[in-house]
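Okay, start-v7.txt now, which holds compact mmCIF, C-alpha atoms:
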```txt
# COMPACT_ATOMS: atom_id res chain seq x y z
CA MET A 706 -29.20 59.59 -10.56
CA ILE A 707 -27.47 61.40 -7.68
CA LYS A 708 -26.45 58.93 -4.97
CA ASN A 709 -24.81 59.10 -1.53
CA ILE A 710 -25.75 62.75 -0.91
CA ASN A 711 -27.71 63.97 2.09
CA GLU A 712 -29.36 67.18 0.97
CA ILE A 713 -29.87 68.26 4.60
CA ASP A 714 -26.10 68.50 5.01
CA PHE A 715 -25.92 71.07 2.24
CA ARG A 716 -28.52 73.22 3.96
CA LYS A 717 -26.16 73.47 6.94
CA ALA A 718 -23.32 74.86 4.82
CA ASP A 719 -22.98 78.05 2.79
CA LEU A 720 -21.69 76.89 -0.59
CA ASN A 721 -21.15 80.53 -1.58
CA LEU A 722 -18.01 80.31 0.55
CA LEU A 723 -16.36 77.94 -1.92
CA PRO A 724 -15.58 80.63 -4.55
CA VAL A 725 -13.93 82.65 -1.75
CA PHE A 726 -11.81 79.61 -0.88
CA SER A 727 -10.85 79.24 -4.56
CA ALA A 728 -9.88 82.92 -4.84
CA LEU A 729 -7.80 82.78 -1.66
CA LEU A 730 -6.01 79.70 -2.92
CA LYS A 731 -5.13 81.44 -6.18
CA GLU A 732 -4.22 84.86 -4.78
CA ARG A 733 -2.73 83.94 -1.35
CA SER A 734 -3.95 87.34 -0.18
CA VAL A 735 -7.23 88.54 1.34
CA THR A 736 -6.86 91.89 -0.43
CA ARG A 737 -6.20 90.40 -3.86
CA ALA A 738 -8.92 87.77 -3.38
CA ALA A 739 -11.37 90.57 -2.55
CA GLY A 740 -10.43 92.36 -5.76
CA ARG A 741 -10.82 89.16 -7.76
CA LEU A 742 -14.32 88.63 -6.33
CA TYR A 743 -15.35 92.33 -6.47
CA LEU A 744 -15.96 92.24 -2.71
CA GLY A 745 -14.70 94.32 0.16
CA GLN A 746 -11.78 93.06 2.20
CA PRO A 747 -13.88 92.78 5.41
CA ALA A 748 -16.35 90.52 3.56
CA VAL A 749 -13.58 88.17 2.44
CA SER A 750 -12.06 88.13 5.94
CA ALA A 751 -15.48 87.23 7.37
CA ALA A 752 -15.91 84.51 4.74
CA LEU A 753 -12.50 83.08 5.67
CA MET A 754 -13.57 82.87 9.31
CA ARG A 755 -16.69 80.95 8.28
CA LEU A 756 -14.63 78.67 6.02
CA ARG A 757 -12.34 77.87 8.95
CA GLU A 758 -15.36 77.02 11.06
CA MET A 759 -16.95 74.92 8.32
CA PHE A 760 -13.84 72.82 7.67
CA LYS A 761 -12.48 73.00 11.24
CA ASP A 762 -9.03 74.06 10.04
CA GLU A 763 -7.07 77.32 9.76
CA LEU A 764 -6.87 76.75 5.98
CA PHE A 765 -4.60 79.79 5.37
CA LEU A 766 -1.79 81.00 7.61
CA ARG A 767 -0.24 84.48 7.49
CA THR A 768 3.47 84.33 6.58
CA ALA A 769 6.07 86.72 5.23
CA LYS A 770 5.21 85.40 1.75
CA GLY A 771 1.47 85.89 2.13
CA MET A 772 -1.38 83.55 3.06
CA GLU A 773 0.03 80.03 2.87
CA PRO A 774 -2.50 77.16 2.56
CA THR A 775 -2.43 74.41 5.16
CA ALA A 776 -2.21 70.73 4.25
CA ARG A 777 -6.00 70.52 4.72
CA ALA A 778 -6.54 73.44 2.31
CA LEU A 779 -4.39 71.78 -0.35
CA GLU A 780 -6.30 68.54 0.11
CA LEU A 781 -9.61 70.37 -0.26
CA ALA A 782 -8.33 72.10 -3.39
CA GLU A 783 -7.58 68.77 -5.03
CA GLN A 784 -10.96 67.32 -4.06
CA LEU A 785 -13.21 70.34 -4.62
CA GLY A 786 -11.42 72.02 -7.54
CA PRO A 787 -12.62 69.56 -10.22
CA ALA A 788 -16.19 69.68 -8.85
CA LEU A 789 -16.26 73.49 -8.98
CA GLU A 790 -14.89 73.50 -12.53
CA ILE A 791 -17.53 70.98 -13.64
CA ILE A 792 -20.31 73.07 -12.08
CA HIS A 793 -18.95 76.20 -13.77
CA ARG A 794 -18.81 74.52 -17.18
CA GLU A 795 -22.34 73.12 -16.83
CA MET A 796 -23.75 76.49 -15.77
CA TYR A 797 -21.92 78.70 -18.25
CA GLY A 798 -21.32 76.36 -21.14
CA THR A 799 -18.45 74.14 -22.28
CA PRO A 800 -16.16 75.74 -24.86
CA ARG A 801 -15.98 73.97 -28.18
CA PHE A 802 -12.76 72.55 -29.52
CA ASP A 803 -12.42 72.39 -33.28
CA PRO A 804 -9.00 70.88 -34.00
CA ALA A 805 -8.92 72.37 -37.48
CA THR A 806 -9.08 75.94 -36.14
CA ALA A 807 -8.01 75.66 -32.50
CA GLU A 808 -4.88 77.43 -31.28
CA ARG A 809 -3.82 75.72 -28.09
CA SER A 810 -0.76 74.30 -26.34
CA PHE A 811 -0.69 70.99 -24.49
CA ARG A 812 1.97 69.77 -22.09
CA LEU A 813 2.70 66.05 -22.01
CA GLY A 814 4.85 64.14 -19.55
CA MET A 815 6.42 60.80 -20.45
CA PRO A 816 9.71 58.90 -20.35
CA ASP A 817 11.77 59.29 -23.49
CA SER A 818 11.19 55.63 -24.39
CA ILE A 819 7.51 56.44 -24.96
CA GLU A 820 8.33 59.81 -26.50
CA VAL A 821 10.52 58.13 -29.15
CA ALA A 822 7.84 55.55 -29.87
CA LEU A 823 4.77 57.82 -30.03
CA SER A 824 5.75 61.44 -30.73
CA PRO A 825 6.52 61.05 -34.48
CA SER A 826 2.99 59.80 -35.14
CA LEU A 827 1.51 62.33 -32.72
CA ILE A 828 3.19 65.21 -34.54
CA GLU A 829 1.97 63.85 -37.90
CA ARG A 830 -1.56 63.68 -36.49
CA ILE A 831 -1.37 67.25 -35.19
CA GLN A 832 -0.04 68.64 -38.46
CA ARG A 833 -2.82 66.88 -40.34
CA GLU A 834 -5.76 67.57 -38.03
CA ALA A 835 -4.84 70.48 -35.76
CA PRO A 836 -2.24 72.80 -37.33
CA GLY A 837 -2.72 75.42 -34.62
CA VAL A 838 -1.95 73.03 -31.76
CA ARG A 839 1.47 72.89 -30.11
CA VAL A 840 2.83 70.19 -27.78
CA ALA A 841 5.56 70.48 -25.15
CA ILE A 842 6.92 67.14 -23.94
CA ARG A 843 8.92 66.88 -20.75
CA LEU A 844 10.65 63.93 -19.15
CA ALA A 845 8.39 62.28 -16.58
CA GLY A 846 8.98 58.86 -15.12
CA HIS A 847 6.45 56.77 -13.27
CA GLU A 848 7.20 58.48 -9.95
CA GLN A 849 6.99 62.09 -11.17
CA GLY A 850 3.87 62.03 -13.36
CA ALA A 851 1.22 62.44 -10.65
CA LYS A 852 3.15 65.23 -8.94
CA LEU A 853 3.58 67.13 -12.21
CA LEU A 854 -0.16 66.89 -12.83
CA ASP A 855 -0.96 68.18 -9.35
CA ASN A 856 1.43 71.11 -9.83
CA GLN A 857 -0.22 71.85 -13.21
CA GLU A 858 3.14 71.41 -14.96
CA ILE A 859 1.70 68.89 -17.43
CA ASP A 860 -1.79 68.27 -18.79
CA LEU A 861 -1.43 64.57 -19.55
CA GLY A 862 1.00 61.86 -18.52
CA VAL A 863 1.75 58.74 -20.54
CA SER A 864 3.82 56.20 -18.62
CA ARG A 865 3.63 53.49 -15.97
CA PHE A 866 2.19 55.14 -12.88
CA THR A 867 2.46 54.01 -9.28
CA ASP A 868 1.18 57.02 -7.33
CA VAL A 869 -2.43 57.68 -8.33
CA ALA A 870 -4.84 59.72 -6.17
CA SER A 871 -8.62 59.90 -6.10
CA TRP A 872 -8.59 63.14 -8.11
CA HIS A 873 -6.61 61.55 -10.93
CA ARG A 874 -8.11 59.73 -13.90
CA GLN A 875 -6.27 56.81 -15.47
CA GLU A 876 -6.84 54.79 -18.63
CA ASN A 877 -4.71 51.79 -19.53
CA LEU A 878 -3.32 51.80 -23.06
CA TYR A 879 -1.20 48.71 -23.71
CA ARG A 880 1.08 46.07 -22.25
CA GLU A 881 4.75 46.66 -22.90
CA GLY A 882 7.43 44.00 -23.02
CA TYR A 883 11.19 44.02 -23.46
CA VAL A 884 13.52 43.06 -26.30
CA CYS A 885 17.28 43.15 -26.81
CA LEU A 886 19.01 45.74 -28.97
CA PHE A 887 22.61 45.50 -30.21
CA ASP A 888 24.78 45.94 -33.28
CA GLY A 889 24.73 42.43 -34.70
CA ALA A 890 27.15 43.26 -37.51
CA ARG A 891 29.65 44.78 -35.10
CA LEU A 892 29.42 41.94 -32.59
CA GLY A 893 29.02 39.09 -35.08
CA ILE A 894 25.98 37.81 -33.18
CA PRO A 895 22.73 36.99 -35.02
CA SER A 896 19.19 37.22 -33.70
CA PRO A 897 17.85 35.60 -31.60
CA ILE A 898 20.65 36.01 -29.10
CA GLY A 899 21.39 33.08 -26.82
CA LEU A 900 21.65 33.26 -23.05
CA GLU A 901 25.41 32.59 -23.05
CA ASP A 902 26.15 35.52 -25.40
CA TYR A 903 23.64 37.69 -23.52
CA LEU A 904 25.44 37.20 -20.21
CA ALA A 905 28.92 37.49 -21.74
CA LEU A 906 28.28 40.98 -23.18
CA PRO A 907 28.47 44.20 -21.14
CA HIS A 908 25.04 45.74 -20.65
CA LEU A 909 23.71 49.29 -20.91
CA LEU A 910 20.96 50.15 -18.44
CA MET A 911 18.34 52.91 -18.23
CA SER A 912 17.55 53.80 -14.62
CA PHE A 913 15.61 56.87 -13.47
CA SER A 914 17.43 56.63 -10.13
CA GLY A 915 20.88 56.24 -11.68
CA GLY A 916 21.32 52.74 -10.23
CA PHE A 917 22.93 49.68 -11.75
CA GLU A 918 20.08 47.19 -11.32
CA GLY A 919 16.63 46.88 -12.86
CA VAL A 920 13.95 44.46 -13.91
CA VAL A 921 16.43 42.40 -15.98
CA ASP A 922 18.56 41.81 -12.91
CA GLU A 923 15.48 40.71 -10.97
CA ALA A 924 14.64 38.20 -13.70
CA LEU A 925 18.23 36.91 -13.76
CA ALA A 926 18.36 36.62 -9.96
CA ARG A 927 15.36 34.29 -10.04
CA ARG A 928 17.58 31.91 -12.06
CA ASN A 929 20.69 32.57 -9.94
CA LEU A 930 22.29 34.45 -12.84
CA ARG A 931 23.98 37.86 -13.08
CA ARG A 932 24.96 40.29 -15.81
CA ARG A 933 27.59 43.04 -15.88
CA VAL A 934 26.20 46.53 -16.30
CA LEU A 935 28.83 48.70 -17.94
CA LEU A 936 26.86 51.95 -18.01
CA SER A 937 23.70 53.38 -16.45
CA THR A 938 21.91 56.43 -17.84
CA THR A 939 18.68 58.23 -16.99
CA ARG A 940 17.63 58.48 -20.65
CA PHE A 941 16.68 55.68 -23.00
CA SER A 942 17.44 57.82 -26.05
CA ALA A 943 21.20 57.82 -25.37
CA LEU A 944 21.47 54.04 -25.69
CA PRO A 945 21.27 53.52 -29.49
CA PHE A 946 24.07 56.05 -30.03
CA ILE A 947 26.27 54.16 -27.58
CA LEU A 948 25.39 50.77 -29.08
CA LYS A 949 26.71 51.92 -32.47
CA GLU A 950 30.13 52.54 -30.91
CA ALA A 951 30.42 49.96 -28.13
CA ASP A 952 30.54 46.17 -27.85
CA ALA A 953 27.50 46.05 -25.61
CA ILE A 954 23.80 45.18 -25.45
CA ALA A 955 20.70 46.85 -24.02
CA THR A 956 17.31 45.47 -23.03
CA LEU A 957 14.64 48.04 -23.84
CA PRO A 958 10.86 48.47 -24.05
CA ALA A 959 9.83 46.88 -27.33
CA SER A 960 8.05 49.89 -28.86
CA MET A 961 11.11 52.11 -28.53
CA ALA A 962 13.56 49.35 -29.52
CA ARG A 963 11.73 48.86 -32.82
CA ARG A 964 12.12 52.55 -33.66
CA CYS A 965 15.82 52.52 -32.73
CA ALA A 966 16.56 49.36 -34.71
CA GLU A 967 15.10 50.93 -37.84
CA ALA A 968 16.73 54.34 -37.41
CA PHE A 969 20.19 53.13 -36.34
CA LYS A 970 20.34 49.83 -38.27
CA LEU A 971 20.65 47.84 -35.05
CA THR A 972 19.63 44.25 -34.37
CA LEU A 973 16.45 43.33 -32.51
CA SER A 974 16.17 40.07 -30.60
CA PRO A 975 13.79 38.51 -28.11
CA ALA A 976 15.30 38.44 -24.64
CA PRO A 977 16.67 34.98 -23.74
CA ILE A 978 14.99 35.22 -20.31
CA GLU A 979 11.42 35.89 -19.24
CA ILE A 980 11.02 39.52 -18.12
CA GLU A 981 7.92 40.86 -16.43
CA THR A 982 5.88 43.17 -18.64
CA PHE A 983 4.14 46.37 -17.53
CA THR A 984 1.16 48.53 -18.47
CA VAL A 985 1.47 51.95 -20.07
CA SER A 986 -1.45 54.23 -19.25
CA MET A 987 -2.63 57.81 -19.56
CA LEU A 988 -3.02 59.86 -16.38
CA TRP A 989 -4.74 63.23 -16.05
CA HIS A 990 -6.31 65.42 -13.41
CA ALA A 991 -10.07 65.21 -12.94
CA ARG A 992 -10.31 68.90 -13.84
CA HIS A 993 -9.68 67.93 -17.46
CA ASP A 994 -12.26 65.14 -17.63
CA ARG A 995 -14.74 66.98 -19.85
CA ASP A 996 -12.43 69.50 -21.48
CA PRO A 997 -13.12 69.03 -25.24
CA GLY A 998 -9.52 69.80 -26.19
CA HIS A 999 -8.16 67.38 -23.64
CA ILE A 1000 -10.60 64.71 -24.81
CA TRP A 1001 -9.33 65.20 -28.36
CA LEU A 1002 -5.73 64.84 -27.17
CA ARG A 1003 -6.48 61.63 -25.27
CA GLU A 1004 -8.29 60.16 -28.26
CA ALA A 1005 -5.35 61.09 -30.50
CA VAL A 1006 -2.91 59.29 -28.19
CA LYS A 1007 -5.17 56.23 -28.03
CA SER A 1008 -5.53 56.01 -31.79
CA ILE A 1009 -1.75 56.25 -32.26
CA VAL A 1010 -1.16 53.57 -29.63
CA ARG A 1011 -3.48 51.17 -31.43
CA VAL A 1012 -1.18 51.35 -34.46
CA GLU A 1013 2.25 51.78 -32.85
CA ALA A 1014 2.07 49.49 -29.85
CA ASN A 1015 -0.42 46.78 -30.88
CA PRO A 1016 -1.85 47.07 -27.38
CA SER A 1017 -3.57 44.58 -25.15
CA ILE A 1018 -4.90 46.13 -21.95
CA ASP A 1019 -4.18 44.31 -18.70
CA ASP A 1020 -3.38 44.92 -15.03
CA THR A 1021 -0.33 46.99 -14.19
CA HIS A 1022 2.80 45.23 -12.95
CA ARG A 1023 5.53 46.96 -10.98
CA VAL A 1024 8.72 47.51 -12.93
CA GLN A 1025 11.65 49.48 -11.53
CA GLY A 1026 14.05 49.73 -14.47
CA THR A 1027 15.55 47.86 -17.42
```
Kindly present the structure from the file in structure tokens form.
Amino acid sequence: MIKNINEIDFRKADLNLLPVFSALLKERSVTRAAGRLYLGQPAVSAALMRLREMFKDELFLRTAKGMEPTARALELAEQLGPALEIIHREMYGTPRFDPATAERSFRLGMPDSIEVALSPSLIERIQREAPGVRVAIRLAGHEQGAKLLDNQEIDLGVSRFTDVASWHRQENLYREGYVCLFDGARLGIPSPIGLEDYLALPHLLMSFSGGFEGVVDEALARRNLRRRVLLSTTRFSALPFILKEADAIATLPASMARRCAEAFKLTLSPAPIEIETFTVSMLWHARHDRDPGHIWLREAVKSIVRVEANPSIDDTHRVQGT
């Protein structure tokens, strides 16, 4: 049932103007938009005048680089774009996606802690079910994911997200906790590590901002304790290499730490302090809601998570670093 729509309002507006708006947004030129729509340039110019009147905004401004959209035009694009794509698919049919025969590339954004934990199983799934599919993974922390989606630089984000708009779709995957990782044989320290040894060792820290404090320091501060951070890096994946050569310890997301402990013969240990957990989720643009290929990709990620992360879905907590 269609709710919260006043049909009389639609009679006051010419919805045929919306494809003109879409073409102008893509082409940034009245002439090129006219060619795209198989219309004359005067017709597109007239449509732009009516669009400006309808939305009470200039929408596109003439600059040396072409027709630049205003902030209102960009906002409308985010809100109306998914609706127009849904209408187009419903009117002209939704393309099928057969993973066994499909040839398609997907772009995923995630921190390398999640990439290390999930990508081996994702690649195995693709090779088994969709040999013509390719995946490009780029580094995307919790602050960049939504922006990358809006700029169409990624198709799907998998991370902890803090900046979610109304045109985004989000699905929680699992709760993630932290464990300690170190070379027990090198340090002569067994698991589980005690608080005294934990504080005595130099620490390695992953921080997207390049800082020297994170969620561990917040947990320690609540007990009036401090640690010494020897090194900060923007990539989780550098830490196991360093731990094999340094007398140090790192506190990492558990799913990645398990992979690193197995691959590098490092020691896993519960953290000797209580550290706030966080929720890993998928984030995508509403334009991909009913895309069969995108649905397949999301289902593939979910099925892998059920095995790799032993998830329990809960509310998201704010976590700034490790």
Residues of range 859-963 of chain A that approach range 817-820 of chain A to 9 Å or less, counting only C-alpha atoms: could you list each one with the shortest pair of atoms and its distance in Å to one decimal, rows by chain and increasing residue number, as a Markdown table?
```
| residue | atom | partner | partner_atom | distance |
| --- | --- | --- | --- | --- |
| A:Val863 | CA | A:Ile819 | CA | 7.6 |
| A:Ser864 | CA | A:Ile819 | CA | 7.3 |
| A:Arg940 | CA | A:Asp817 | CA | 6.6 |
| A:Phe941 | CA | A:Ser818 | CA | 5.7 |
| A:Ser942 | CA | A:Asp817 | CA | 6.4 |
| A:Leu957 | CA | A:Ser818 | CA | 8.4 |
| A:Pro958 | CA | A:Ser818 | CA | 7.2 |
| A:Ser960 | CA | A:Ile819 | CA | 7.6 |
| A:Met961 | CA | A:Ser818 | CA | 5.4 |
| A:Ala962 | CA | A:Ser818 | CA | 8.4 |
```
12 Å contact set for Leu853 in chain A, only C-alpha atoms, chain neighbours under 6 positions out, as a tab-separated table (two decimals) with C-alpha atoms, in the frame of the given file:
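Done, and the output landed in around19.tsv:
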```tsv
chain	number	residue	atom	x	y	z
A	812	ARG	CA	1.97	69.77	-22.09
A	813	LEU	CA	2.70	66.05	-22.01
A	814	GLY	CA	4.85	64.14	-19.55
A	815	MET	CA	6.42	60.80	-20.45
A	843	ARG	CA	8.92	66.88	-20.75
A	844	LEU	CA	10.65	63.93	-19.15
A	845	ALA	CA	8.39	62.28	-16.58
A	846	GLY	CA	8.98	58.86	-15.12
A	847	HIS	CA	6.45	56.77	-13.27
A	859	ILE	CA	1.70	68.89	-17.43
A	860	ASP	CA	-1.79	68.27	-18.79
A	861	LEU	CA	-1.43	64.57	-19.55
A	862	GLY	CA	1.00	61.86	-18.52
A	863	VAL	CA	1.75	58.74	-20.54
A	868	ASP	CA	1.18	57.02	-7.33
A	869	VAL	CA	-2.43	57.68	-8.33
A	873	HIS	CA	-6.61	61.55	-10.93
A	988	LEU	CA	-3.02	59.86	-16.38
A	989	TRP	CA	-4.74	63.23	-16.05
A	990	HIS	CA	-6.31	65.42	-13.41
```
Expected residue set, 10 Å radius at (24.1, 38.6, -20.9), only C-alpha atoms, as number ranges by chain: A: 898-908, 921, 925, 930-934, 953-956, 976-978
Point-to-point distance in Å for CA of Asp888 in chain A and CA of Lys949 in chain A: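 One can read the CA of Lys949 in chain A to CA of Asp888 in chain A distance as 6.3 Å.
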Interatomic distance, CA of Ala738 in chain A to CA of Leu766 in chain A (Å, one decimal): 14.7 Å
Atomic separation - CA of Gly915 in chain A relative to CA of Lys970 in chain A, Å: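 Between CA of Lys970 in chain A and CA of Gly915 in chain A the gap is 27.4 Å.
For the residues A:Ala1005, A:Ile1000, A:Leu892, A:Val725, ranking by smallest atom-to-atom distance to Leu971 in chain A using all atoms listed in the file places A:Leu892 first.
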Enclose all atoms of range 779-782 of chain A listed in the file in an axis-aligned box, grow every side by 6 Å, and hand back centre and edge lengths in Å to one decimal, as lines of an AutoDock Vina configuration file.
```
center_x = -7.0
center_y = 70.3
center_z = -1.6
size_x = 17.2
size_y = 15.6
size_z = 15.5
```
Neighbour residues at most 6 Å from (21.4, 53.4, -32.1) (all atoms listed in the file) as a PyMOL selection string: chain A and resi 945-946+948-949+965+969
Nearest candidate to Ala822 in chain A (options A:Phe983, A:Arg839, A:Val1006, A:Gly745; using only C-alpha atoms):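 Using only C-alpha atoms, the shortest distance to Ala822 in chain A belongs to A:Val1006.
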